[in-house]
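protein_3.cif (mmCIF, C-alpha atoms)
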```cif
data_structure
loop_
_atom_site.label_atom_id
_atom_site.label_comp_id
_atom_site.auth_asym_id
_atom_site.auth_seq_id
_atom_site.Cartn_x
_atom_site.Cartn_y
_atom_site.Cartn_z
CA MET O 1 4.82 4.28 19.89
CA PRO O 2 7.12 1.77 18.15
CA LEU O 3 9.95 2.78 15.82
CA PHE O 4 7.61 2.93 12.81
CA ASN O 5 4.16 4.51 12.73
CA ASP O 6 1.19 4.35 10.35
CA ASP O 7 2.67 7.10 8.17
CA ASP O 8 5.86 5.09 7.71
CA TYR O 9 3.92 2.03 6.58
CA ASN O 10 1.71 4.08 4.28
CA GLU O 11 4.73 5.75 2.68
CA ALA O 12 6.36 2.38 2.09
CA LEU O 13 3.27 1.32 0.18
CA GLU O 14 3.46 4.32 -2.15
CA ALA O 15 5.50 3.38 -5.20
CA ASP O 16 6.32 7.00 -6.03
CA CYS O 17 7.41 7.98 -2.52
CA THR O 18 10.80 9.69 -2.65
CA PRO O 19 13.29 9.40 0.23
CA GLU O 20 14.28 12.69 1.81
CA GLY O 21 17.11 13.31 4.24
CA MET O 22 20.14 11.19 5.10
CA VAL O 23 21.21 9.00 7.98
CA ASP O 24 24.56 7.45 8.95
CA VAL O 25 24.25 3.68 9.45
CA SER O 26 27.93 3.05 10.18
CA TYR O 27 27.23 1.61 13.62
CA ASN O 28 24.49 -0.67 12.32
CA LEU O 29 26.87 -1.98 9.67
CA THR O 30 29.57 -2.61 12.29
CA VAL O 31 27.11 -4.69 14.30
CA GLU O 32 25.99 -6.55 11.18
CA ARG O 33 29.63 -7.36 10.37
CA GLN O 34 30.01 -8.99 13.79
CA LEU O 35 26.91 -11.09 13.21
CA ILE O 36 28.25 -12.28 9.86
CA TYR O 37 31.59 -13.13 11.47
CA ALA O 38 29.80 -15.07 14.24
CA LEU O 39 27.84 -17.01 11.62
CA SER O 40 30.96 -17.89 9.65
CA GLN O 41 32.60 -19.10 12.87
CA SER O 42 29.49 -21.11 13.76
CA ILE O 43 29.65 -22.97 10.45
CA ASP O 44 33.37 -23.70 10.81
CA GLU O 45 33.17 -25.03 14.36
CA PRO O 46 31.90 -28.58 15.04
CA LEU O 47 30.43 -27.61 18.43
CA LEU O 48 27.42 -25.43 19.08
CA PRO O 49 28.41 -21.75 18.93
CA ALA O 50 28.68 -20.00 22.29
CA TRP O 51 25.97 -17.48 21.46
CA ILE O 52 23.26 -20.15 21.24
CA ASP O 53 23.53 -21.18 24.90
CA CYS O 54 24.66 -17.94 26.50
CA PRO O 55 22.30 -15.89 28.73
CA LEU O 56 20.58 -13.10 26.85
CA GLU O 57 22.40 -10.36 28.73
CA GLU O 58 25.73 -11.82 27.60
CA LEU O 59 24.78 -12.09 23.93
CA PRO O 60 26.29 -8.75 22.78
CA SER O 61 29.67 -9.48 24.37
CA VAL O 62 29.72 -13.06 23.06
CA LEU O 63 29.01 -11.71 19.57
CA GLY O 64 31.70 -9.06 20.00
CA VAL O 65 29.27 -6.15 19.81
CA ASN O 66 30.02 -3.00 21.77
CA SER O 67 27.42 -0.43 22.76
CA PRO O 68 27.75 3.02 21.15
CA VAL O 69 28.71 5.93 23.36
CA GLU O 70 25.58 7.94 22.58
CA ASP O 71 22.73 5.56 23.42
CA ASP O 72 22.69 1.97 24.67
CA ASP O 73 19.31 1.46 23.01
CA ASP O 74 20.99 1.83 19.62
CA MET O 75 22.87 -1.41 20.24
CA TYR O 76 19.67 -3.40 20.74
CA SER O 77 17.98 -2.03 17.64
CA ALA O 78 21.19 -2.47 15.60
CA LEU O 79 21.41 -6.12 16.63
CA VAL O 80 17.87 -6.79 15.42
CA ILE O 81 18.28 -4.77 12.22
CA GLY O 82 21.52 -6.62 11.51
CA GLY O 83 19.87 -9.97 12.17
CA VAL O 84 16.95 -9.14 9.89
CA SER O 85 19.32 -7.98 7.16
CA VAL O 86 21.31 -11.23 7.33
CA ALA O 87 18.14 -13.33 7.29
CA MET O 88 16.74 -11.34 4.39
CA ILE O 89 19.86 -11.81 2.26
CA LEU O 90 20.05 -15.53 2.94
CA LEU O 91 16.36 -16.27 2.38
CA ASP O 92 16.29 -14.18 -0.78
CA SER O 93 19.27 -16.12 -2.14
CA ILE O 94 17.42 -19.46 -2.17
CA HIS O 95 16.04 -20.45 -5.57
CA GLU O 96 12.27 -20.26 -5.81
CA ASP O 97 11.97 -24.00 -6.49
CA TYR O 98 13.55 -24.81 -3.12
CA VAL O 99 11.63 -22.29 -1.01
CA PRO O 100 8.75 -24.66 -0.03
CA GLY O 101 11.24 -27.22 1.22
CA LEU O 102 13.21 -24.57 3.09
CA LEU O 103 10.12 -23.18 4.81
CA SER O 104 9.04 -26.68 5.79
CA HIS O 105 12.53 -27.25 7.21
CA LEU O 106 12.41 -24.00 9.20
CA ALA O 107 8.94 -24.76 10.54
CA CYS O 108 10.13 -28.16 11.79
CA LEU O 109 13.15 -26.54 13.38
CA HIS O 110 10.97 -24.35 15.57
CA ASP O 111 10.44 -27.15 18.05
CA GLN O 112 14.22 -27.44 18.37
CA ILE O 113 14.61 -23.67 18.63
CA ASP O 114 11.94 -23.58 21.34
CA ALA O 115 13.79 -26.30 23.24
CA ALA O 116 17.18 -24.60 22.84
CA GLN O 117 15.76 -21.22 23.82
CA GLU O 118 13.33 -22.39 26.50
CA ASP O 119 13.98 -19.31 28.63
CA GLU O 120 13.15 -17.03 25.71
CA LYS O 121 9.90 -18.69 24.60
CA GLY O 122 7.76 -16.30 26.62
CA ILE O 123 9.64 -13.22 25.44
CA ILE O 124 9.09 -13.41 21.68
CA GLU O 125 6.70 -15.18 19.31
CA HIS O 126 8.90 -17.29 17.05
CA ARG O 127 6.18 -18.21 14.60
CA TYR O 128 4.99 -14.61 14.30
CA LEU O 129 8.50 -13.64 13.31
CA LEU O 130 8.69 -16.53 10.82
CA SER O 131 5.44 -15.36 9.23
CA HIS O 132 7.23 -12.13 8.30
CA LEU O 133 10.50 -13.79 7.32
CA VAL O 134 8.52 -15.66 4.67
CA GLU O 135 8.18 -12.34 2.82
CA PHE O 136 11.93 -12.38 2.12
CA CYS O 137 11.72 -15.59 0.10
CA LYS O 138 11.43 -15.72 -3.67
CA PRO O 139 9.29 -14.59 -5.33
CA ALA O 140 9.68 -11.59 -3.03
CA ASP O 141 7.83 -8.31 -3.40
CA PRO O 142 10.11 -5.36 -2.44
CA VAL O 143 7.34 -3.46 -0.68
CA ARG O 144 6.05 -6.47 1.27
CA SER O 145 9.65 -7.29 2.24
CA MET O 146 10.16 -3.76 3.51
CA LEU O 147 6.96 -3.89 5.54
CA ALA O 148 7.95 -7.27 6.98
CA MET O 149 11.32 -5.91 8.08
CA MET O 150 9.64 -2.89 9.68
CA ARG O 151 7.16 -5.08 11.56
CA ILE O 152 9.90 -7.34 12.91
CA VAL O 153 11.86 -4.33 14.16
CA ASP O 154 8.70 -2.85 15.69
CA THR O 155 8.29 -5.91 17.94
CA ILE O 156 11.22 -4.80 20.12
CA PHE O 157 9.63 -1.46 21.05
CA ASP O 158 6.87 -0.80 23.57
CA ASP O 159 3.91 1.53 23.03
CA ASP O 160 5.95 4.51 24.26
CA GLY O 161 8.71 3.95 21.71
CA GLU O 162 11.13 2.55 24.30
CA VAL O 163 13.28 -0.38 23.26
CA LEU O 164 12.79 -3.65 25.15
CA PRO O 165 16.34 -5.01 25.61
CA GLU O 166 15.37 -8.55 26.55
CA ARG O 167 13.02 -8.88 23.58
CA ALA O 168 15.63 -7.38 21.24
CA LEU O 169 18.26 -9.87 22.37
CA ALA O 170 15.88 -12.83 22.12
CA THR O 171 14.87 -11.70 18.62
CA THR O 172 18.51 -11.39 17.59
CA LYS O 173 19.30 -14.89 18.81
CA TYR O 174 16.27 -16.26 16.97
CA LEU O 175 17.27 -14.56 13.71
CA MET O 176 20.79 -15.96 14.08
CA CYS O 177 19.32 -19.45 14.56
CA ILE O 178 17.32 -19.02 11.35
CA ALA O 179 20.49 -17.93 9.54
CA VAL O 180 22.40 -20.97 10.80
CA ALA O 181 19.55 -23.23 9.70
CA VAL O 182 19.72 -21.80 6.18
CA LEU O 183 23.49 -22.13 6.13
CA SER O 184 23.65 -25.65 7.55
CA GLY O 185 23.27 -27.61 4.33
CA ASP O 186 25.10 -30.64 3.03
CA ASP O 187 26.75 -28.78 0.14
CA GLU O 188 29.90 -27.19 1.56
CA ASP O 189 30.47 -25.16 -1.60
CA CYS O 190 26.99 -23.69 -1.27
CA ILE O 191 27.64 -22.74 2.35
CA VAL O 192 30.85 -21.00 1.37
CA ASP O 193 29.01 -19.14 -1.38
CA LEU O 194 26.28 -17.99 1.02
CA ILE O 195 28.81 -16.65 3.53
CA ALA O 196 30.59 -14.89 0.66
CA LEU O 197 27.23 -13.43 -0.41
CA LEU O 198 26.70 -12.00 3.05
CA GLU O 199 30.18 -10.53 3.13
CA THR O 200 29.89 -9.03 -0.37
CA SER O 201 26.50 -7.47 0.35
CA HIS O 202 27.82 -6.04 3.59
CA ALA O 203 30.95 -4.65 1.95
CA GLU O 204 28.92 -2.92 -0.75
CA ARG O 205 26.69 -1.20 1.80
CA ALA O 206 29.59 -0.41 4.14
CA ALA O 207 31.26 1.47 1.28
CA GLU O 208 28.39 3.99 1.41
CA PRO O 209 27.12 4.13 5.00
CA ILE O 210 25.24 7.40 4.49
CA VAL O 211 21.81 6.41 3.18
CA PRO O 212 18.46 8.16 2.52
CA TYR O 213 15.43 7.74 4.76
CA TYR O 214 11.78 8.62 4.41
CA ALA O 215 10.96 12.01 5.93
CA GLU O 216 7.96 12.14 8.22
CA VAL O 217 4.76 13.47 6.73
CA ASP O 218 4.68 16.32 9.26
CA ASP O 219 8.11 17.45 8.09
CA GLN O 220 7.01 17.40 4.45
CA GLU O 221 3.96 19.50 5.24
CA GLN O 222 6.07 22.15 6.94
CA GLU O 223 8.30 22.66 3.88
#
```

Represent the structure from my file as C-alpha coordinates, please.
Amino acid sequence: MPLFNDDDYNEALEADCTPEGMVDVSYNLTVERQLIYALSQSIDEPLLPAWIDCPLEELPSVLGVNSPVEDDDDMYSALVIGGVSVAMILLDSIHEDYVPGLLSHLACLHDQIDAAQEDEKGIIEHRYLLSHLVEFCKPADPVRSMLAMMRIVDTIFDDDGEVLPERALATTKYLMCIAVAVLSGDDEDCIVDLIALLETSHAERAAEPIVPYYAEVDDQEQE
(Lines of atoms letter the chains of each structure in order from A and count residues from 1; the text may use other names and numbers.)
(Lines give C-alpha, C1' and ligand atoms only; values in the text may rest on other atoms or scores of the structure.)
Protein backbone atom coordinates (compact mmCIF):
# COMPACT_ATOMS: atom_id res chain seq x y z
CA MET A 1 0.00 0.00 0.00
CA PRO A 2 1.13 3.62 -0.46
CA LEU A 3 2.63 5.72 2.33
CA PHE A 4 -0.81 6.81 3.57
CA ASN A 5 -3.84 4.56 4.03
CA ASP A 6 -7.57 5.15 4.52
CA ASP A 7 -7.11 5.56 8.27
CA ASP A 8 -4.59 8.34 7.71
CA TYR A 9 -6.98 10.23 5.44
CA ASN A 10 -9.89 9.71 7.83
CA GLU A 11 -7.85 10.98 10.78
CA ALA A 12 -6.84 14.07 8.83
CA LEU A 13 -10.51 14.83 8.31
CA GLU A 14 -11.25 14.70 12.04
CA ALA A 15 -10.88 18.17 13.50
CA ASP A 16 -10.34 16.86 17.03
CA CYS A 17 -7.73 14.26 16.11
CA THR A 18 -4.69 14.63 18.36
CA PRO A 19 -1.18 13.78 17.12
CA GLU A 20 0.59 11.07 19.09
CA GLY A 21 4.24 10.11 18.90
CA MET A 22 7.22 11.99 17.47
CA VAL A 23 9.38 11.74 14.38
CA ASP A 24 12.72 13.32 13.43
CA VAL A 25 12.48 15.14 10.08
CA SER A 26 16.05 16.46 10.07
CA TYR A 27 16.93 14.67 6.83
CA ASN A 28 13.79 15.90 5.08
CA LEU A 29 14.63 19.45 6.12
CA THR A 30 18.19 19.07 4.80
CA VAL A 31 16.82 17.99 1.43
CA GLU A 32 14.30 20.84 1.43
CA ARG A 33 17.13 23.31 2.13
CA GLN A 34 18.95 22.09 -0.99
CA LEU A 35 15.82 22.56 -3.07
CA ILE A 36 15.43 26.12 -1.81
CA TYR A 37 19.08 26.83 -2.58
CA ALA A 38 18.66 25.39 -6.10
CA LEU A 39 15.63 27.63 -6.65
CA SER A 40 17.46 30.73 -5.49
CA GLN A 41 20.33 29.88 -7.85
CA SER A 42 17.87 29.28 -10.70
CA ILE A 43 16.41 32.76 -10.28
CA ASP A 44 19.84 34.41 -10.15
CA GLU A 45 21.22 32.67 -13.24
CA PRO A 46 20.22 33.87 -16.74
CA LEU A 47 20.51 30.37 -18.23
CA LEU A 48 18.24 27.41 -17.60
CA PRO A 49 19.23 25.67 -14.36
CA ALA A 50 21.09 22.39 -14.79
CA TRP A 51 18.42 20.37 -12.98
CA ILE A 52 15.79 21.10 -15.64
CA ASP A 53 17.64 19.29 -18.44
CA CYS A 54 19.53 16.65 -16.49
CA PRO A 55 18.55 12.95 -16.69
CA LEU A 56 16.31 11.89 -13.84
CA GLU A 57 18.92 9.62 -12.29
CA GLU A 58 21.30 12.59 -12.00
CA LEU A 59 18.76 14.92 -10.39
CA PRO A 60 19.75 14.28 -6.73
CA SER A 61 23.44 14.93 -7.38
CA VAL A 62 22.71 18.03 -9.47
CA LEU A 63 20.55 19.35 -6.62
CA GLY A 64 23.27 18.49 -4.11
CA VAL A 65 21.17 15.90 -2.29
CA ASN A 66 22.89 12.92 -0.71
CA SER A 67 21.16 9.66 0.14
CA PRO A 68 20.89 8.81 3.85
CA VAL A 69 22.89 5.88 5.16
CA GLU A 70 19.85 3.98 6.42
CA ASP A 71 17.59 3.74 3.38
CA ASP A 72 17.95 5.05 -0.18
CA ASP A 73 14.16 5.19 -0.47
CA ASP A 74 14.13 7.96 2.13
CA MET A 75 15.91 10.23 -0.33
CA TYR A 76 13.20 9.86 -2.96
CA SER A 77 10.35 10.51 -0.54
CA ALA A 78 12.26 13.43 1.02
CA LEU A 79 12.74 15.03 -2.39
CA VAL A 80 9.01 14.90 -3.10
CA ILE A 81 8.01 16.05 0.39
CA GLY A 82 10.48 18.93 0.11
CA GLY A 83 9.15 19.86 -3.32
CA VAL A 84 5.55 19.80 -2.09
CA SER A 85 6.48 21.91 0.93
CA VAL A 86 8.16 24.53 -1.25
CA ALA A 87 5.22 24.61 -3.67
CA MET A 88 2.75 24.86 -0.80
CA ILE A 89 4.53 27.84 0.78
CA LEU A 90 4.83 29.70 -2.51
CA LEU A 91 1.26 29.10 -3.67
CA ASP A 92 -0.15 29.99 -0.26
CA SER A 93 1.79 33.27 -0.32
CA ILE A 94 -0.03 34.61 -3.39
CA HIS A 95 -2.86 37.03 -2.61
CA GLU A 96 -6.31 35.61 -3.24
CA ASP A 97 -7.07 38.24 -5.89
CA TYR A 98 -4.17 37.01 -8.04
CA VAL A 99 -4.79 33.28 -7.69
CA PRO A 100 -7.03 32.92 -10.81
CA GLY A 101 -4.37 34.58 -12.94
CA LEU A 102 -1.64 32.44 -11.41
CA LEU A 103 -3.53 29.20 -12.03
CA SER A 104 -4.21 30.23 -15.61
CA HIS A 105 -0.50 30.95 -16.01
CA LEU A 106 0.46 27.55 -14.57
CA ALA A 107 -2.05 25.74 -16.77
CA CYS A 108 -0.59 27.41 -19.88
CA LEU A 109 2.90 26.49 -18.75
CA HIS A 110 2.07 22.79 -18.77
CA ASP A 111 2.59 22.58 -22.50
CA GLN A 112 6.08 24.00 -21.99
CA ILE A 113 6.73 21.68 -19.06
CA ASP A 114 5.60 18.71 -21.16
CA ALA A 115 7.98 19.77 -23.93
CA ALA A 116 10.89 20.34 -21.53
CA GLN A 117 10.24 17.05 -19.75
CA GLU A 118 9.25 14.96 -22.76
CA ASP A 119 10.94 11.86 -21.37
CA GLU A 120 8.99 12.17 -18.12
CA LYS A 121 5.51 12.69 -19.61
CA GLY A 122 4.65 9.01 -19.36
CA ILE A 123 5.94 8.68 -15.81
CA ILE A 124 3.72 11.19 -13.98
CA GLU A 125 0.44 12.97 -14.64
CA HIS A 126 1.25 16.67 -14.51
CA ARG A 127 -2.32 17.87 -14.52
CA TYR A 128 -3.34 15.43 -11.80
CA LEU A 129 -0.62 16.89 -9.62
CA LEU A 130 -1.73 20.44 -10.47
CA SER A 131 -5.29 19.57 -9.44
CA HIS A 132 -3.96 18.93 -5.93
CA LEU A 133 -1.58 21.90 -5.89
CA VAL A 134 -4.64 24.10 -6.37
CA GLU A 135 -5.62 23.23 -2.79
CA PHE A 136 -2.61 25.19 -1.52
CA CYS A 137 -3.87 28.46 -2.99
CA LYS A 138 -5.86 31.04 -1.04
CA PRO A 139 -8.46 30.67 0.26
CA ALA A 140 -6.92 27.40 1.45
CA ASP A 141 -8.57 24.95 3.80
CA PRO A 142 -5.95 23.37 6.15
CA VAL A 143 -7.52 19.92 5.99
CA ARG A 144 -7.93 19.90 2.21
CA SER A 145 -4.33 21.13 1.88
CA MET A 146 -3.12 18.30 4.10
CA LEU A 147 -5.05 15.73 2.08
CA ALA A 148 -3.68 17.17 -1.16
CA MET A 149 -0.11 16.90 0.12
CA MET A 150 -0.73 13.30 1.21
CA ARG A 151 -2.18 12.36 -2.18
CA ILE A 152 0.75 13.88 -4.06
CA VAL A 153 3.22 11.94 -1.91
CA ASP A 154 1.18 8.75 -2.36
CA THR A 155 1.68 8.90 -6.14
CA ILE A 156 5.33 7.86 -5.77
CA PHE A 157 4.52 4.56 -4.03
CA ASP A 158 3.24 1.34 -5.59
CA ASP A 159 0.48 -0.85 -4.16
CA ASP A 160 3.00 -2.72 -1.99
CA GLY A 161 4.27 0.45 -0.34
CA GLU A 162 7.53 0.45 -2.31
CA VAL A 163 8.82 3.79 -3.53
CA LEU A 164 9.08 4.28 -7.29
CA PRO A 165 12.38 6.17 -7.76
CA GLU A 166 11.77 7.30 -11.34
CA ARG A 167 8.31 8.64 -10.51
CA ALA A 168 9.64 10.36 -7.38
CA LEU A 169 12.37 12.11 -9.34
CA ALA A 170 9.99 13.17 -12.12
CA THR A 171 7.55 14.50 -9.52
CA THR A 172 10.34 16.45 -7.80
CA LYS A 173 11.42 18.04 -11.07
CA TYR A 174 7.82 18.97 -11.86
CA LEU A 175 7.31 20.58 -8.44
CA MET A 176 10.54 22.54 -8.91
CA CYS A 177 9.27 23.76 -12.30
CA ILE A 178 6.06 24.94 -10.64
CA ALA A 179 8.10 26.76 -8.00
CA VAL A 180 10.22 28.48 -10.65
CA ALA A 181 7.07 29.51 -12.51
CA VAL A 182 5.69 31.14 -9.37
CA LEU A 183 9.01 32.85 -8.68
CA SER A 184 9.63 34.07 -12.23
CA GLY A 185 7.73 37.33 -12.07
CA ASP A 186 8.60 40.80 -13.30
CA ASP A 187 8.84 42.31 -9.81
CA GLU A 188 12.37 41.58 -8.58
CA ASP A 189 11.54 42.75 -5.06
CA CYS A 190 8.67 40.27 -4.93
CA ILE A 191 10.94 37.44 -6.05
CA VAL A 192 13.44 38.31 -3.34
CA ASP A 193 10.64 38.37 -0.78
CA LEU A 194 9.37 34.94 -1.87
CA ILE A 195 12.83 33.38 -1.60
CA ALA A 196 13.18 34.99 1.84
CA LEU A 197 9.78 33.53 2.78
CA LEU A 198 10.96 30.06 1.84
CA GLU A 199 14.17 30.47 3.81
CA THR A 200 12.39 31.86 6.88
CA SER A 201 9.78 29.10 6.90
CA HIS A 202 12.50 26.50 6.53
CA ALA A 203 14.61 28.00 9.32
CA GLU A 204 11.66 28.02 11.70
CA ARG A 205 10.92 24.36 11.10
CA ALA A 206 14.61 23.38 11.11
CA ALA A 207 14.89 24.86 14.61
CA GLU A 208 12.52 22.13 15.84
CA PRO A 209 13.03 19.07 13.63
CA ILE A 210 11.28 16.70 16.05
CA VAL A 211 7.59 16.87 15.16
CA PRO A 212 4.40 14.96 16.10
CA TYR A 213 2.71 12.49 13.78
CA TYR A 214 -0.65 10.77 13.79
CA ALA A 215 -0.52 7.35 15.43
CA GLU A 216 -2.14 4.51 13.52
CA VAL A 217 -5.59 3.49 14.62
CA ASP A 218 -4.37 -0.02 15.45
CA ASP A 219 -1.80 1.43 17.84
CA GLN A 220 -4.44 3.55 19.56
CA GLU A 221 -6.69 0.54 20.04
CA GLN A 222 -3.91 -1.42 21.71
CA GLU A 223 -3.29 1.25 24.36

Quick one: contact table of range 151-177 of chain O to range 82-106 of chain O, 10 Å max, nearest atom pair and distance in Å to one decimal per residue, counting all atoms listed in the file, chain and number order, as CSV?
```
residue,atom,partner,partner_atom,distance
O:Ile152,CA,O:Val84,CA,7.9
O:Val153,CA,O:Val84,CA,8.2
O:Thr171,CA,O:Gly83,CA,8.3
O:Thr172,CA,O:Gly83,CA,5.8
O:Lys173,CA,O:Gly83,CA,8.3
O:Tyr174,CA,O:Gly83,CA,8.7
O:Leu175,CA,O:Gly83,CA,5.5
O:Met176,CA,O:Gly83,CA,6.4
O:Cys177,CA,O:Ala87,CA,9.6
```

Kindly resolve the PyMOL selection byres ((chain O and resi 211) around 9) on the present coordinates and return the residues as a short mmCIF file (atom, residue, chain, number, x, y, z; two decimals) with C-alpha atoms, keeping the file's coordinate frame.
```cif
data_model
loop_
_atom_site.label_atom_id
_atom_site.label_comp_id
_atom_site.auth_asym_id
_atom_site.auth_seq_id
_atom_site.Cartn_x
_atom_site.Cartn_y
_atom_site.Cartn_z
CA GLY O 21 17.11 13.31 4.24
CA MET O 22 20.14 11.19 5.10
CA VAL O 23 21.21 9.00 7.98
CA ASP O 24 24.56 7.45 8.95
CA VAL O 25 24.25 3.68 9.45
CA GLU O 208 28.39 3.99 1.41
CA PRO O 209 27.12 4.13 5.00
CA ILE O 210 25.24 7.40 4.49
CA PRO O 212 18.46 8.16 2.52
CA TYR O 213 15.43 7.74 4.76
#
```

Return the single residue from O:Ile113, O:Ala206, O:Leu79, O:Val180 that is closest to Leu194 in chain O, with distances computed using only C-alpha atoms.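 Comparing O:Ile113, O:Ala206, O:Leu79, O:Val180 against Leu194 in chain O, the winner is O:Val180.
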
Selection: 9 Å around Ile43 in chain O, only C-alpha atoms, excl. self and same-chain fewer than 3 positions, as a list in words: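 The neighbour list is Ala38, Leu39, Ser40, Pro46, Pro49, Val180, Leu183, Ser184 and Ile191 of chain O.
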
With a distance cut-off of 12 Å and only C-alpha atoms, select the neighbouring residues of Ile81 in chain O, excluding the residue or stretch itself and same-chain residues fewer than 6 positions from it, and output the selection as a PyMOL selection string. chain O and resi 3+25+27-33+35+74-75+87-88+146+148-156+168-169+171-172+175-176

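Considering only C-alpha atoms, the residue among O:Ala140, O:Arg167, O:Ala179, O:Glu204 positioned nearest to Gly122 in chain O is O:Arg167.
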
Proximity to Leu59 in chain O - best of O:Asp111, O:Glu166, O:Glu135, O:Asp44, all atoms listed in the file: O:Glu166

Between CA of His110 in chain O and CA of Pro142 in chain O, what is the distance in Å, rounded to a tenth? 26.2 Å

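CA of Cys137 in chain O is found 15.7 Å from CA of Leu197 in chain O.
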
Nearest to Ile178 in chain O, chosen from O:Ile52, O:Leu147, O:Tyr76, O:Val62, with all atoms listed in the file counted in the distances: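 So, comparing all the options, the nearest one is O:Ile52.
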
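With all atoms listed in the file as the atoms that count, the residue of O:His132, O:Ser201, O:Phe157, O:Glu188 with the shortest distance to Ser145 in chain O is O:His132.
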
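Across the model, the gap from CA of Leu198 in chain O to CA of Val134 in chain O is 18.6 Å.
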
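With all atoms listed in the file as the atoms that count, the minimum distance from Leu109 in chain O to the choices O:Glu58, O:Leu164, O:Arg127, O:Val192 is reached by O:Arg127.
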